[in-house]
Amino acid sequence: MESELFRFKVNLGGMIEILSDHLYSSPDVYIRELLQNGTDAIVARQKSEEGFENPEIRVKLVPNQSLSFHDNGTGLTKDEVHRFLAIIGESSKKDLMTGRVMDEYIGRFGIGLLSCFMVSDEIVIETRSVRENTSLRWTGKPDGTYTLTEIPEGCEEGTTIILNCKDGKEQYFSSEKVKQLITYYGILLPFPVVFDDGSRSTRMNRIYLPWDERQSTKEELMFFGKTMFGQDFLDCIPLKSESGNVSGVAYILPYQVNGAAKNYHRIFLKNMLLTEKGDSILPEWAVFVKCIINATNLRPTASREDFYEDELLEEAREGIGTCISDYIANLARTDLEMMDRFLGIHQRVLKSMAIENDELYQLFFKYFDFVTTRGKMTGQELLLQREPLVYTSQVDEFKQMSQIFFAQGRLLINAGYVYDKEILCRTPEFYNAEVMELQEEEVVDIMSDVTISENETSHFFLSVADRVLAKYDCRAEMKKFSPVTLPAFYYIDKQALFLRRIQSAKEASSPLFAGMLSAFARDIKKETSAYLYFNYHNPVIKKLCLLEAVEDIERFVEILYIQTILIGGYPMHNNEMGILNGRIMELIERNLLDE
């Protein structure tokens, strides 16, 4: 049995609803679609008519009533009207032989004109082709019907699109709104766009294009960025990618940004604004820039609010990333002052992203700053050290240990700041470097044991000190280390430090919260350690080792203990500050400070 052939029917009203609710972000885009159609018609005439001069688009508005867009482009013949205006999805920009959309044009899908139905109940098109002398008027309705008649009195070469305001859409036909949208979408078009609302005629696009053939100065690029975005920037980076024929400028933001935040970039397609929210053309790590980019050969999506994700876009993205990375490398070589300003603002967010982004890590690690016992050092300087990169993961620990490491000329890195530990720990993945966290065994290794004779001399002092420190969950040890001026230093492992912080928080909390902290502390392993290392090289400690009065030793041990706690920035608890003050007062009263 032979099957019967049927044809699909398209509900144009449903199509318009889809455009309005799902494809386009707002009715604003009807201005963009009109500008794109006019631009493509002008490009078509420039291609076919050698010597064509004075291309322009003229926009006339009767506020809150009607709008007309006229371009002096190629115009349409009768056959083209039936073909391109009556068949949804048929684009006049296609090559007749191959069916492919030609690269010179912005529009691609043949549905842009339908966006006008979002603001008007009919679309009137008056057109005269440069190839014929017949003037035509096409009137389309949202129900899918249209009429086509000749205009006896004729019309201008090119095309005029006339829209009458739909009820409730008056805001899209106000002078202020139309001017704002023309400027927004068409400010970089390379020919005049003239607006006339009956009060005056004004050209809306007088902006200099930074990607024109001549080389722009930095001052011109910075002025262009301020004009487009209305703000000042730290610096600018010219962008160029052969893939996609992409040009533009990246502007470095003068303030810190959140790595998860999306910047608003101005992305143009053949000088027509595609979107101001597009970031698909940029590397995901380039959060510190705001860009103006113009592409010629990239494919737009159907909504023309972003680019189609394909191999060409990926190549363009890589090209833009190379421009930015080359700028950073050159900055580090030629302008250290600007590099310091740049990293001073954006280093934290770059570190946060470099933890998981290999490309960003390799680009920036050598420029990242780290606090060390040899002063502030860059990643590049760390890689040049001929020793393991030993770090502490706590700022307090670094404060304590840095005195000893500095005195002995050893490198210690403070990785207690946000992201520094994670950044350092990734170093062996990319570079020939040994990275390790400071361990208790290494702390002991940098100190020398006392001799048998010195041990006998200090034994009584040490036994008293060990008993005094037990109530602070701390043990006493006698060692010799540099610098000689340091009488003692306090070392605590991570578990013990955590418990100390919980205890300090409990003492400052309400009974309810203190009970919760106590329950939390019970779950922590008790195999923790804290040590107060006394320096036998120090004259004060040597003198204390000769004391015989237990009470005097106890007082000095508590003073030294609490002093080291304060120097290390550790949290205080058990009224330790009060104990310190009390012990000092006792010494004053006994006049021991003069001895």
# chains A, B, ... in the order shown; residues from 1 in each chain; ligands from 1
$ residues_around --residues "stretch 416-427 of chain A" --least-positions-apart "4" --cutoff "12 Å" --atoms "only C-alpha atoms" --output "number ranges by chain"
A: 347-358, 360-362, 364-366, 368-372, 378-380, 382-383, 388-399, 412, 431-438
$ select_by_dssp --residues "stretch 71-248 of chain A" --states "strand (DSSP E)" --output "ChimeraX atom specification"
/A:71,120-128,135-140,146-150,158-165,193-196,201-203,235-241,246-248
$ atom_distance --atom1 "atom CA of A:Glu441" --atom2 "atom CA of A:Gln385"
22.2 Å
$ closest_atom_pairs --of "stretch 204-299 of chain A" --to "stretch 191-196 of chain A" --cutoff "9 Å" --atoms "only C-alpha atoms" --output "CSV"
residue,atom,partner,partner_atom,distance
A:Met204,CA,A:Val193,CA,5.8
A:Asn205,CA,A:Val193,CA,6.3
A:Arg206,CA,A:Pro192,CA,8.0
$ residues_around --residues "stretch 167-183 of chain A" --least-positions-apart "2" --cutoff "10 Å" --atoms "only C-alpha atoms" --output "ChimeraX atom specification"
/A:27-32,34-35,59-67,118-121,163-165,185-189,193-198,202-206,273
$ select_by_dssp --residues "stretch 165-373 of chain A" --states "helix (DSSP H, G or I)" --output "short mmCIF file (atom, residue, chain, number, x, y, z; two decimals) with N, CA and C atoms, in the first residue's frame"
data_model
loop_
_atom_site.label_atom_id
_atom_site.label_comp_id
_atom_site.auth_asym_id
_atom_site.auth_seq_id
_atom_site.Cartn_x
_atom_site.Cartn_y
_atom_site.Cartn_z
N GLU A 170 5.16 50.04 24.23
CA GLU A 170 5.55 51.42 23.97
C GLU A 170 6.97 51.73 24.44
N GLN A 171 7.42 51.04 25.49
CA GLN A 171 8.77 51.33 26.00
C GLN A 171 9.85 51.06 24.95
N TYR A 172 9.56 50.14 24.00
CA TYR A 172 10.54 49.80 22.98
C TYR A 172 10.48 50.75 21.78
N PHE A 173 9.60 51.73 21.87
CA PHE A 173 9.47 52.73 20.81
C PHE A 173 9.69 54.13 21.38
N SER A 175 12.16 57.28 22.37
CA SER A 175 13.39 57.81 21.78
C SER A 175 14.61 57.38 22.58
N GLU A 176 14.52 57.47 23.89
CA GLU A 176 15.65 57.11 24.74
C GLU A 176 16.02 55.64 24.59
N LYS A 177 15.00 54.76 24.54
CA LYS A 177 15.26 53.32 24.45
C LYS A 177 15.87 52.95 23.10
N VAL A 178 15.32 53.48 22.03
CA VAL A 178 15.83 53.13 20.70
C VAL A 178 17.26 53.63 20.53
N LYS A 179 17.55 54.85 20.96
CA LYS A 179 18.91 55.38 20.86
C LYS A 179 19.88 54.52 21.68
N GLN A 180 19.43 54.13 22.87
CA GLN A 180 20.28 53.30 23.73
C GLN A 180 20.59 51.96 23.07
N LEU A 181 19.59 51.35 22.44
CA LEU A 181 19.79 50.04 21.82
C LEU A 181 20.63 50.15 20.54
N ILE A 182 20.44 51.21 19.77
CA ILE A 182 21.27 51.39 18.57
C ILE A 182 22.73 51.55 18.97
N THR A 183 22.98 52.37 19.99
CA THR A 183 24.35 52.57 20.46
C THR A 183 24.92 51.28 21.02
N TYR A 184 24.11 50.58 21.79
CA TYR A 184 24.55 49.34 22.44
C TYR A 184 24.97 48.29 21.42
N TYR A 185 24.14 48.07 20.41
CA TYR A 185 24.43 47.00 19.45
C TYR A 185 25.31 47.46 18.29
N GLY A 186 25.17 48.72 17.88
CA GLY A 186 25.82 49.12 16.64
C GLY A 186 26.91 50.15 16.76
N LYS A 218 48.87 52.89 23.51
CA LYS A 218 48.26 52.45 24.76
C LYS A 218 47.27 53.50 25.26
N GLU A 219 47.60 54.76 25.10
CA GLU A 219 46.70 55.82 25.55
C GLU A 219 45.36 55.74 24.81
N GLU A 220 45.40 55.47 23.50
CA GLU A 220 44.17 55.35 22.73
C GLU A 220 43.34 54.15 23.20
N LEU A 221 44.03 53.03 23.45
CA LEU A 221 43.32 51.82 23.89
C LEU A 221 42.69 52.03 25.27
N MET A 222 43.42 52.70 26.17
CA MET A 222 42.87 52.94 27.50
C MET A 222 41.67 53.89 27.44
N PHE A 223 41.76 54.89 26.58
CA PHE A 223 40.62 55.81 26.41
C PHE A 223 39.42 55.07 25.82
N PHE A 224 39.69 54.18 24.88
CA PHE A 224 38.61 53.39 24.27
C PHE A 224 37.92 52.54 25.32
N GLY A 225 38.69 51.90 26.21
CA GLY A 225 38.11 51.07 27.25
C GLY A 225 37.27 51.88 28.21
N LYS A 226 37.74 53.06 28.58
CA LYS A 226 36.97 53.90 29.49
C LYS A 226 35.68 54.37 28.82
N THR A 227 35.75 54.66 27.52
CA THR A 227 34.56 55.08 26.78
C THR A 227 33.52 53.97 26.73
N MET A 228 33.97 52.74 26.49
CA MET A 228 33.04 51.62 26.33
C MET A 228 32.48 51.12 27.64
N PHE A 229 33.31 51.10 28.69
CA PHE A 229 32.87 50.52 29.96
C PHE A 229 32.59 51.55 31.04
N GLU A 311 35.87 23.64 17.02
CA GLU A 311 37.33 23.65 17.03
C GLU A 311 37.87 25.05 16.77
N LEU A 312 37.21 25.82 15.92
CA LEU A 312 37.68 27.17 15.62
C LEU A 312 37.61 28.06 16.85
N LEU A 313 36.52 27.94 17.62
CA LEU A 313 36.40 28.73 18.84
C LEU A 313 37.49 28.33 19.84
N GLU A 314 37.76 27.04 19.95
CA GLU A 314 38.81 26.58 20.86
C GLU A 314 40.16 27.16 20.46
N GLU A 315 40.45 27.20 19.17
CA GLU A 315 41.71 27.77 18.69
C GLU A 315 41.78 29.28 18.98
N ALA A 316 40.66 29.95 18.79
CA ALA A 316 40.62 31.39 19.08
C ALA A 316 40.84 31.64 20.57
N ARG A 317 40.24 30.80 21.40
CA ARG A 317 40.41 30.91 22.85
C ARG A 317 41.88 30.74 23.24
N GLU A 318 42.53 29.75 22.62
CA GLU A 318 43.95 29.53 22.90
C GLU A 318 44.79 30.73 22.43
N GLY A 319 44.42 31.30 21.29
CA GLY A 319 45.15 32.46 20.79
C GLY A 319 45.04 33.65 21.73
N ILE A 320 43.85 33.88 22.27
CA ILE A 320 43.65 34.98 23.21
C ILE A 320 44.43 34.70 24.50
N GLY A 321 44.39 33.43 24.96
CA GLY A 321 45.16 33.07 26.15
C GLY A 321 46.64 33.30 25.97
N THR A 322 47.15 33.03 24.78
CA THR A 322 48.57 33.26 24.49
C THR A 322 48.90 34.74 24.55
N CYS A 323 48.02 35.60 24.02
CA CYS A 323 48.24 37.06 24.09
C CYS A 323 48.36 37.51 25.54
N ILE A 324 47.48 37.00 26.41
CA ILE A 324 47.49 37.42 27.81
C ILE A 324 48.72 36.89 28.53
N SER A 325 49.06 35.61 28.28
CA SER A 325 50.23 35.03 28.95
C SER A 325 51.52 35.69 28.47
N ASP A 326 51.62 36.02 27.19
CA ASP A 326 52.80 36.73 26.68
C ASP A 326 52.93 38.10 27.32
N TYR A 327 51.80 38.76 27.54
CA TYR A 327 51.82 40.06 28.21
C TYR A 327 52.38 39.93 29.63
N ILE A 328 51.93 38.90 30.36
CA ILE A 328 52.40 38.69 31.73
C ILE A 328 53.90 38.44 31.76
N ALA A 329 54.36 37.57 30.85
CA ALA A 329 55.79 37.26 30.79
C ALA A 329 56.62 38.50 30.47
N ASN A 330 56.13 39.31 29.54
CA ASN A 330 56.84 40.53 29.17
C ASN A 330 56.83 41.54 30.31
N LEU A 331 55.72 41.59 31.04
CA LEU A 331 55.61 42.51 32.17
C LEU A 331 56.65 42.16 33.23
N ALA A 332 56.81 40.86 33.49
CA ALA A 332 57.79 40.43 34.50
C ALA A 332 59.21 40.79 34.10
N ARG A 333 59.48 40.88 32.79
CA ARG A 333 60.83 41.21 32.31
C ARG A 333 61.08 42.71 32.24
N THR A 334 60.04 43.48 31.92
CA THR A 334 60.26 44.89 31.56
C THR A 334 59.63 45.91 32.49
N LEU A 336 58.55 45.77 36.34
CA LEU A 336 58.32 45.12 37.63
C LEU A 336 57.35 45.91 38.49
N GLU A 337 57.33 47.23 38.33
CA GLU A 337 56.40 48.04 39.11
C GLU A 337 54.96 47.69 38.76
N MET A 338 54.66 47.59 37.46
CA MET A 338 53.30 47.22 37.05
C MET A 338 53.00 45.77 37.45
N MET A 339 54.00 44.90 37.37
CA MET A 339 53.80 43.50 37.77
C MET A 339 53.43 43.42 39.24
N ASP A 340 54.11 44.20 40.08
CA ASP A 340 53.80 44.21 41.51
C ASP A 340 52.38 44.72 41.76
N ARG A 341 52.00 45.75 41.01
CA ARG A 341 50.63 46.28 41.17
C ARG A 341 49.60 45.25 40.73
N PHE A 342 49.88 44.59 39.63
CA PHE A 342 48.97 43.58 39.11
C PHE A 342 48.79 42.43 40.10
N LEU A 343 49.91 41.88 40.59
CA LEU A 343 49.83 40.77 41.53
C LEU A 343 49.29 41.21 42.89
N GLY A 344 49.58 42.45 43.25
CA GLY A 344 49.04 42.96 44.51
C GLY A 344 47.52 42.95 44.54
N ILE A 345 46.92 43.08 43.38
CA ILE A 345 45.46 43.09 43.28
C ILE A 345 44.90 41.69 43.03
N HIS A 346 45.53 40.93 42.14
CA HIS A 346 44.89 39.71 41.63
C HIS A 346 45.56 38.41 42.06
N GLN A 347 46.63 38.48 42.87
CA GLN A 347 47.36 37.26 43.19
C GLN A 347 46.49 36.23 43.91
N ARG A 348 45.63 36.67 44.82
CA ARG A 348 44.85 35.70 45.60
C ARG A 348 43.91 34.90 44.71
N VAL A 349 43.18 35.56 43.82
CA VAL A 349 42.25 34.82 42.96
C VAL A 349 43.00 33.94 41.97
N LEU A 350 44.17 34.40 41.51
CA LEU A 350 44.96 33.58 40.60
C LEU A 350 45.48 32.33 41.30
N LYS A 351 45.89 32.48 42.55
CA LYS A 351 46.33 31.31 43.32
C LYS A 351 45.18 30.34 43.53
N SER A 352 44.01 30.87 43.83
CA SER A 352 42.86 29.99 44.08
C SER A 352 42.51 29.16 42.86
N MET A 353 42.66 29.74 41.67
CA MET A 353 42.33 29.03 40.44
C MET A 353 43.47 28.14 39.98
N ALA A 354 44.71 28.54 40.27
CA ALA A 354 45.87 27.76 39.83
C ALA A 354 45.96 26.42 40.55
N ASP A 358 45.91 23.59 35.51
CA ASP A 358 47.31 23.37 35.15
C ASP A 358 47.87 24.52 34.32
N GLU A 359 47.08 24.98 33.36
CA GLU A 359 47.55 26.05 32.48
C GLU A 359 47.85 27.31 33.27
N LEU A 360 46.95 27.66 34.16
CA LEU A 360 47.14 28.86 34.96
C LEU A 360 48.31 28.68 35.93
N TYR A 361 48.45 27.49 36.49
CA TYR A 361 49.55 27.23 37.42
C TYR A 361 50.90 27.47 36.74
N GLN A 362 51.08 26.88 35.57
CA GLN A 362 52.35 27.00 34.88
C GLN A 362 52.60 28.43 34.40
N LEU A 363 51.53 29.16 34.15
CA LEU A 363 51.67 30.54 33.70
C LEU A 363 52.11 31.46 34.84
N PHE A 364 51.57 31.24 36.04
CA PHE A 364 51.75 32.23 37.10
C PHE A 364 52.64 31.80 38.26
N PHE A 365 52.92 30.51 38.43
CA PHE A 365 53.65 30.10 39.64
C PHE A 365 54.95 30.87 39.81
N LYS A 366 55.69 31.07 38.75
CA LYS A 366 56.99 31.73 38.86
C LYS A 366 56.88 33.18 39.33
N TYR A 367 55.68 33.75 39.24
CA TYR A 367 55.49 35.14 39.63
C TYR A 367 54.81 35.28 41.00
#
$ closest_residue --among "A:Cys474, A:Ala260, A:Ile567, A:Val246" --to "A:Thr296" --atoms "only C-alpha atoms"
A:Val246
$ atom_distance --atom1 "atom CA of A:Ile123" --atom2 "atom CA of A:Gly140"
5.2 Å
$ closest_residue --among "A:Ala476, A:Ile42, A:Leu253, A:Leu546" --to "A:Glu456" --atoms "only C-alpha atoms"
A:Leu546
$ atom_distance --atom1 "atom CA of A:Ser247" --atom2 "atom CA of A:Cys291"
10.4 Å
$ decode --residues "stretch 414-427 of chain A" --atoms "all heavy atoms" --output "PDB file, in the first residue's frame"
ATOM      1  N   ASN A 414      56.545  30.332  54.641  1.00  0.00           N
ATOM      2  CA  ASN A 414      55.278  30.481  55.365  1.00  0.00           C
ATOM      3  C   ASN A 414      54.132  30.165  54.412  1.00  0.00           C
ATOM      4  O   ASN A 414      53.760  30.983  53.575  1.00  0.00           O
ATOM      5  CB  ASN A 414      55.152  31.914  55.897  1.00  0.00           C
ATOM      6  CG  ASN A 414      53.893  32.109  56.735  1.00  0.00           C
ATOM      7  OD1 ASN A 414      53.091  31.185  56.877  1.00  0.00           O
ATOM      8  ND2 ASN A 414      53.742  33.291  57.299  1.00  0.00           N
ATOM      9  N   ALA A 415      53.585  28.960  54.533  1.00  0.00           N
ATOM     10  CA  ALA A 415      52.453  28.556  53.689  1.00  0.00           C
ATOM     11  C   ALA A 415      51.159  28.588  54.485  1.00  0.00           C
ATOM     12  O   ALA A 415      50.213  27.861  54.166  1.00  0.00           O
ATOM     13  CB  ALA A 415      52.692  27.153  53.125  1.00  0.00           C
ATOM     14  N   GLY A 416      51.128  29.424  55.512  1.00  0.00           N
ATOM     15  CA  GLY A 416      49.919  29.530  56.317  1.00  0.00           C
ATOM     16  C   GLY A 416      48.891  30.479  55.743  1.00  0.00           C
ATOM     17  O   GLY A 416      47.772  30.551  56.244  1.00  0.00           O
ATOM     18  N   TYR A 417      49.272  31.210  54.700  1.00  0.00           N
ATOM     19  CA  TYR A 417      48.321  32.114  54.071  1.00  0.00           C
ATOM     20  C   TYR A 417      47.435  31.344  53.086  1.00  0.00           C
ATOM     21  O   TYR A 417      47.786  30.253  52.623  1.00  0.00           O
ATOM     22  CB  TYR A 417      49.058  33.248  53.362  1.00  0.00           C
ATOM     23  CG  TYR A 417      49.837  34.130  54.305  1.00  0.00           C
ATOM     24  CD1 TYR A 417      51.231  34.187  54.245  1.00  0.00           C
ATOM     25  CD2 TYR A 417      49.184  34.895  55.272  1.00  0.00           C
ATOM     26  CE1 TYR A 417      51.954  34.989  55.121  1.00  0.00           C
ATOM     27  CE2 TYR A 417      49.906  35.697  56.156  1.00  0.00           C
ATOM     28  CZ  TYR A 417      51.279  35.735  56.075  1.00  0.00           C
ATOM     29  OH  TYR A 417      51.987  36.520  56.950  1.00  0.00           O
ATOM     30  N   VAL A 418      46.310  31.935  52.766  1.00  0.00           N
ATOM     31  CA  VAL A 418      45.311  31.270  51.930  1.00  0.00           C
ATOM     32  C   VAL A 418      45.928  30.817  50.604  1.00  0.00           C
ATOM     33  O   VAL A 418      46.588  31.606  49.918  1.00  0.00           O
ATOM     34  CB  VAL A 418      44.120  32.221  51.660  1.00  0.00           C
ATOM     35  CG1 VAL A 418      43.076  31.526  50.781  1.00  0.00           C
ATOM     36  CG2 VAL A 418      43.484  32.631  52.983  1.00  0.00           C
ATOM     37  N   TYR A 419      45.741  29.542  50.272  1.00  0.00           N
ATOM     38  CA  TYR A 419      46.126  28.895  49.005  1.00  0.00           C
ATOM     39  C   TYR A 419      47.616  28.582  48.883  1.00  0.00           C
ATOM     40  O   TYR A 419      48.000  27.809  47.999  1.00  0.00           O
ATOM     41  CB  TYR A 419      45.699  29.722  47.782  1.00  0.00           C
ATOM     42  CG  TYR A 419      44.265  30.150  47.800  1.00  0.00           C
ATOM     43  CD1 TYR A 419      43.914  31.488  47.702  1.00  0.00           C
ATOM     44  CD2 TYR A 419      43.231  29.210  47.929  1.00  0.00           C
ATOM     45  CE1 TYR A 419      42.582  31.881  47.723  1.00  0.00           C
ATOM     46  CE2 TYR A 419      41.900  29.603  47.956  1.00  0.00           C
ATOM     47  CZ  TYR A 419      41.587  30.952  47.856  1.00  0.00           C
ATOM     48  OH  TYR A 419      40.283  31.339  47.882  1.00  0.00           O
ATOM     49  N   ASP A 420      48.500  29.158  49.744  1.00  0.00           N
ATOM     50  CA  ASP A 420      49.932  28.965  49.537  1.00  0.00           C
ATOM     51  C   ASP A 420      50.360  27.512  49.697  1.00  0.00           C
ATOM     52  O   ASP A 420      51.220  27.022  48.949  1.00  0.00           O
ATOM     53  CB  ASP A 420      50.728  29.863  50.492  1.00  0.00           C
ATOM     54  CG  ASP A 420      50.792  31.306  50.014  1.00  0.00           C
ATOM     55  OD1 ASP A 420      50.109  31.616  49.020  1.00  0.00           O
ATOM     56  OD2 ASP A 420      51.513  32.111  50.614  1.00  0.00           O
ATOM     57  N   LYS A 421      49.800  26.815  50.668  1.00  0.00           N
ATOM     58  CA  LYS A 421      50.180  25.414  50.872  1.00  0.00           C
ATOM     59  C   LYS A 421      49.814  24.586  49.635  1.00  0.00           C
ATOM     60  O   LYS A 421      50.624  23.788  49.147  1.00  0.00           O
ATOM     61  CB  LYS A 421      49.483  24.852  52.104  1.00  0.00           C
ATOM     62  CG  LYS A 421      49.775  23.376  52.337  1.00  0.00           C
ATOM     63  CD  LYS A 421      49.039  22.842  53.561  1.00  0.00           C
ATOM     64  CE  LYS A 421      49.264  21.350  53.739  1.00  0.00           C
ATOM     65  NZ  LYS A 421      48.553  20.825  54.926  1.00  0.00           N
ATOM     66  N   GLU A 422      48.591  24.762  49.134  1.00  0.00           N
ATOM     67  CA  GLU A 422      48.149  23.994  47.964  1.00  0.00           C
ATOM     68  C   GLU A 422      49.007  24.309  46.739  1.00  0.00           C
ATOM     69  O   GLU A 422      49.327  23.414  45.949  1.00  0.00           O
ATOM     70  CB  GLU A 422      46.679  24.291  47.671  1.00  0.00           C
ATOM     71  CG  GLU A 422      45.711  23.808  48.750  1.00  0.00           C
ATOM     72  CD  GLU A 422      45.518  24.815  49.867  1.00  0.00           C
ATOM     73  OE1 GLU A 422      46.312  25.798  49.941  1.00  0.00           O
ATOM     74  OE2 GLU A 422      44.590  24.637  50.667  1.00  0.00           O
ATOM     75  N   ILE A 423      49.371  25.586  46.589  1.00  0.00           N
ATOM     76  CA  ILE A 423      50.219  25.973  45.459  1.00  0.00           C
ATOM     77  C   ILE A 423      51.589  25.314  45.556  1.00  0.00           C
ATOM     78  O   ILE A 423      52.105  24.743  44.589  1.00  0.00           O
ATOM     79  CB  ILE A 423      50.373  27.511  45.405  1.00  0.00           C
ATOM     80  CG1 ILE A 423      49.037  28.180  45.015  1.00  0.00           C
ATOM     81  CG2 ILE A 423      51.466  27.915  44.426  1.00  0.00           C
ATOM     82  CD1 ILE A 423      48.595  27.903  43.608  1.00  0.00           C
ATOM     83  N   LEU A 424      52.210  25.367  46.732  1.00  0.00           N
ATOM     84  CA  LEU A 424      53.533  24.771  46.918  1.00  0.00           C
ATOM     85  C   LEU A 424      53.507  23.262  46.693  1.00  0.00           C
ATOM     86  O   LEU A 424      54.418  22.700  46.080  1.00  0.00           O
ATOM     87  CB  LEU A 424      54.048  25.068  48.326  1.00  0.00           C
ATOM     88  CG  LEU A 424      54.699  26.421  48.545  1.00  0.00           C
ATOM     89  CD1 LEU A 424      55.000  26.640  50.019  1.00  0.00           C
ATOM     90  CD2 LEU A 424      55.988  26.544  47.736  1.00  0.00           C
ATOM     91  N   CYS A 425      52.459  22.608  47.178  1.00  0.00           N
ATOM     92  CA  CYS A 425      52.398  21.149  47.085  1.00  0.00           C
ATOM     93  C   CYS A 425      52.257  20.668  45.641  1.00  0.00           C
ATOM     94  O   CYS A 425      52.521  19.497  45.354  1.00  0.00           O
ATOM     95  CB  CYS A 425      51.257  20.614  47.942  1.00  0.00           C
ATOM     96  SG  CYS A 425      51.586  20.738  49.712  1.00  0.00           S
ATOM     97  N   ARG A 426      51.850  21.527  44.731  1.00  0.00           N
ATOM     98  CA  ARG A 426      51.752  21.144  43.322  1.00  0.00           C
ATOM     99  C   ARG A 426      53.079  21.310  42.578  1.00  0.00           C
ATOM    100  O   ARG A 426      53.209  20.829  41.440  1.00  0.00           O
ATOM    101  CB  ARG A 426      50.689  21.993  42.610  1.00  0.00           C
ATOM    102  CG  ARG A 426      49.255  21.749  43.041  1.00  0.00           C
ATOM    103  CD  ARG A 426      48.297  22.098  41.919  1.00  0.00           C
ATOM    104  NE  ARG A 426      48.427  21.173  40.806  1.00  0.00           N
ATOM    105  CZ  ARG A 426      47.858  21.365  39.611  1.00  0.00           C
ATOM    106  NH1 ARG A 426      47.137  22.446  39.374  1.00  0.00           N
ATOM    107  NH2 ARG A 426      48.010  20.482  38.627  1.00  0.00           N
ATOM    108  N   THR A 427      54.051  21.961  43.193  1.00  0.00           N
ATOM    109  CA  THR A 427      55.293  22.272  42.497  1.00  0.00           C
ATOM    110  C   THR A 427      55.973  21.051  41.880  1.00  0.00           C
ATOM    111  O   THR A 427      56.402  21.109  40.712  1.00  0.00           O
ATOM    112  CB  THR A 427      56.270  22.993  43.456  1.00  0.00           C
ATOM    113  OG1 THR A 427      55.601  24.113  44.044  1.00  0.00           O
ATOM    114  CG2 THR A 427      57.495  23.484  42.707  1.00  0.00           C
TER     115      THR A 427
END
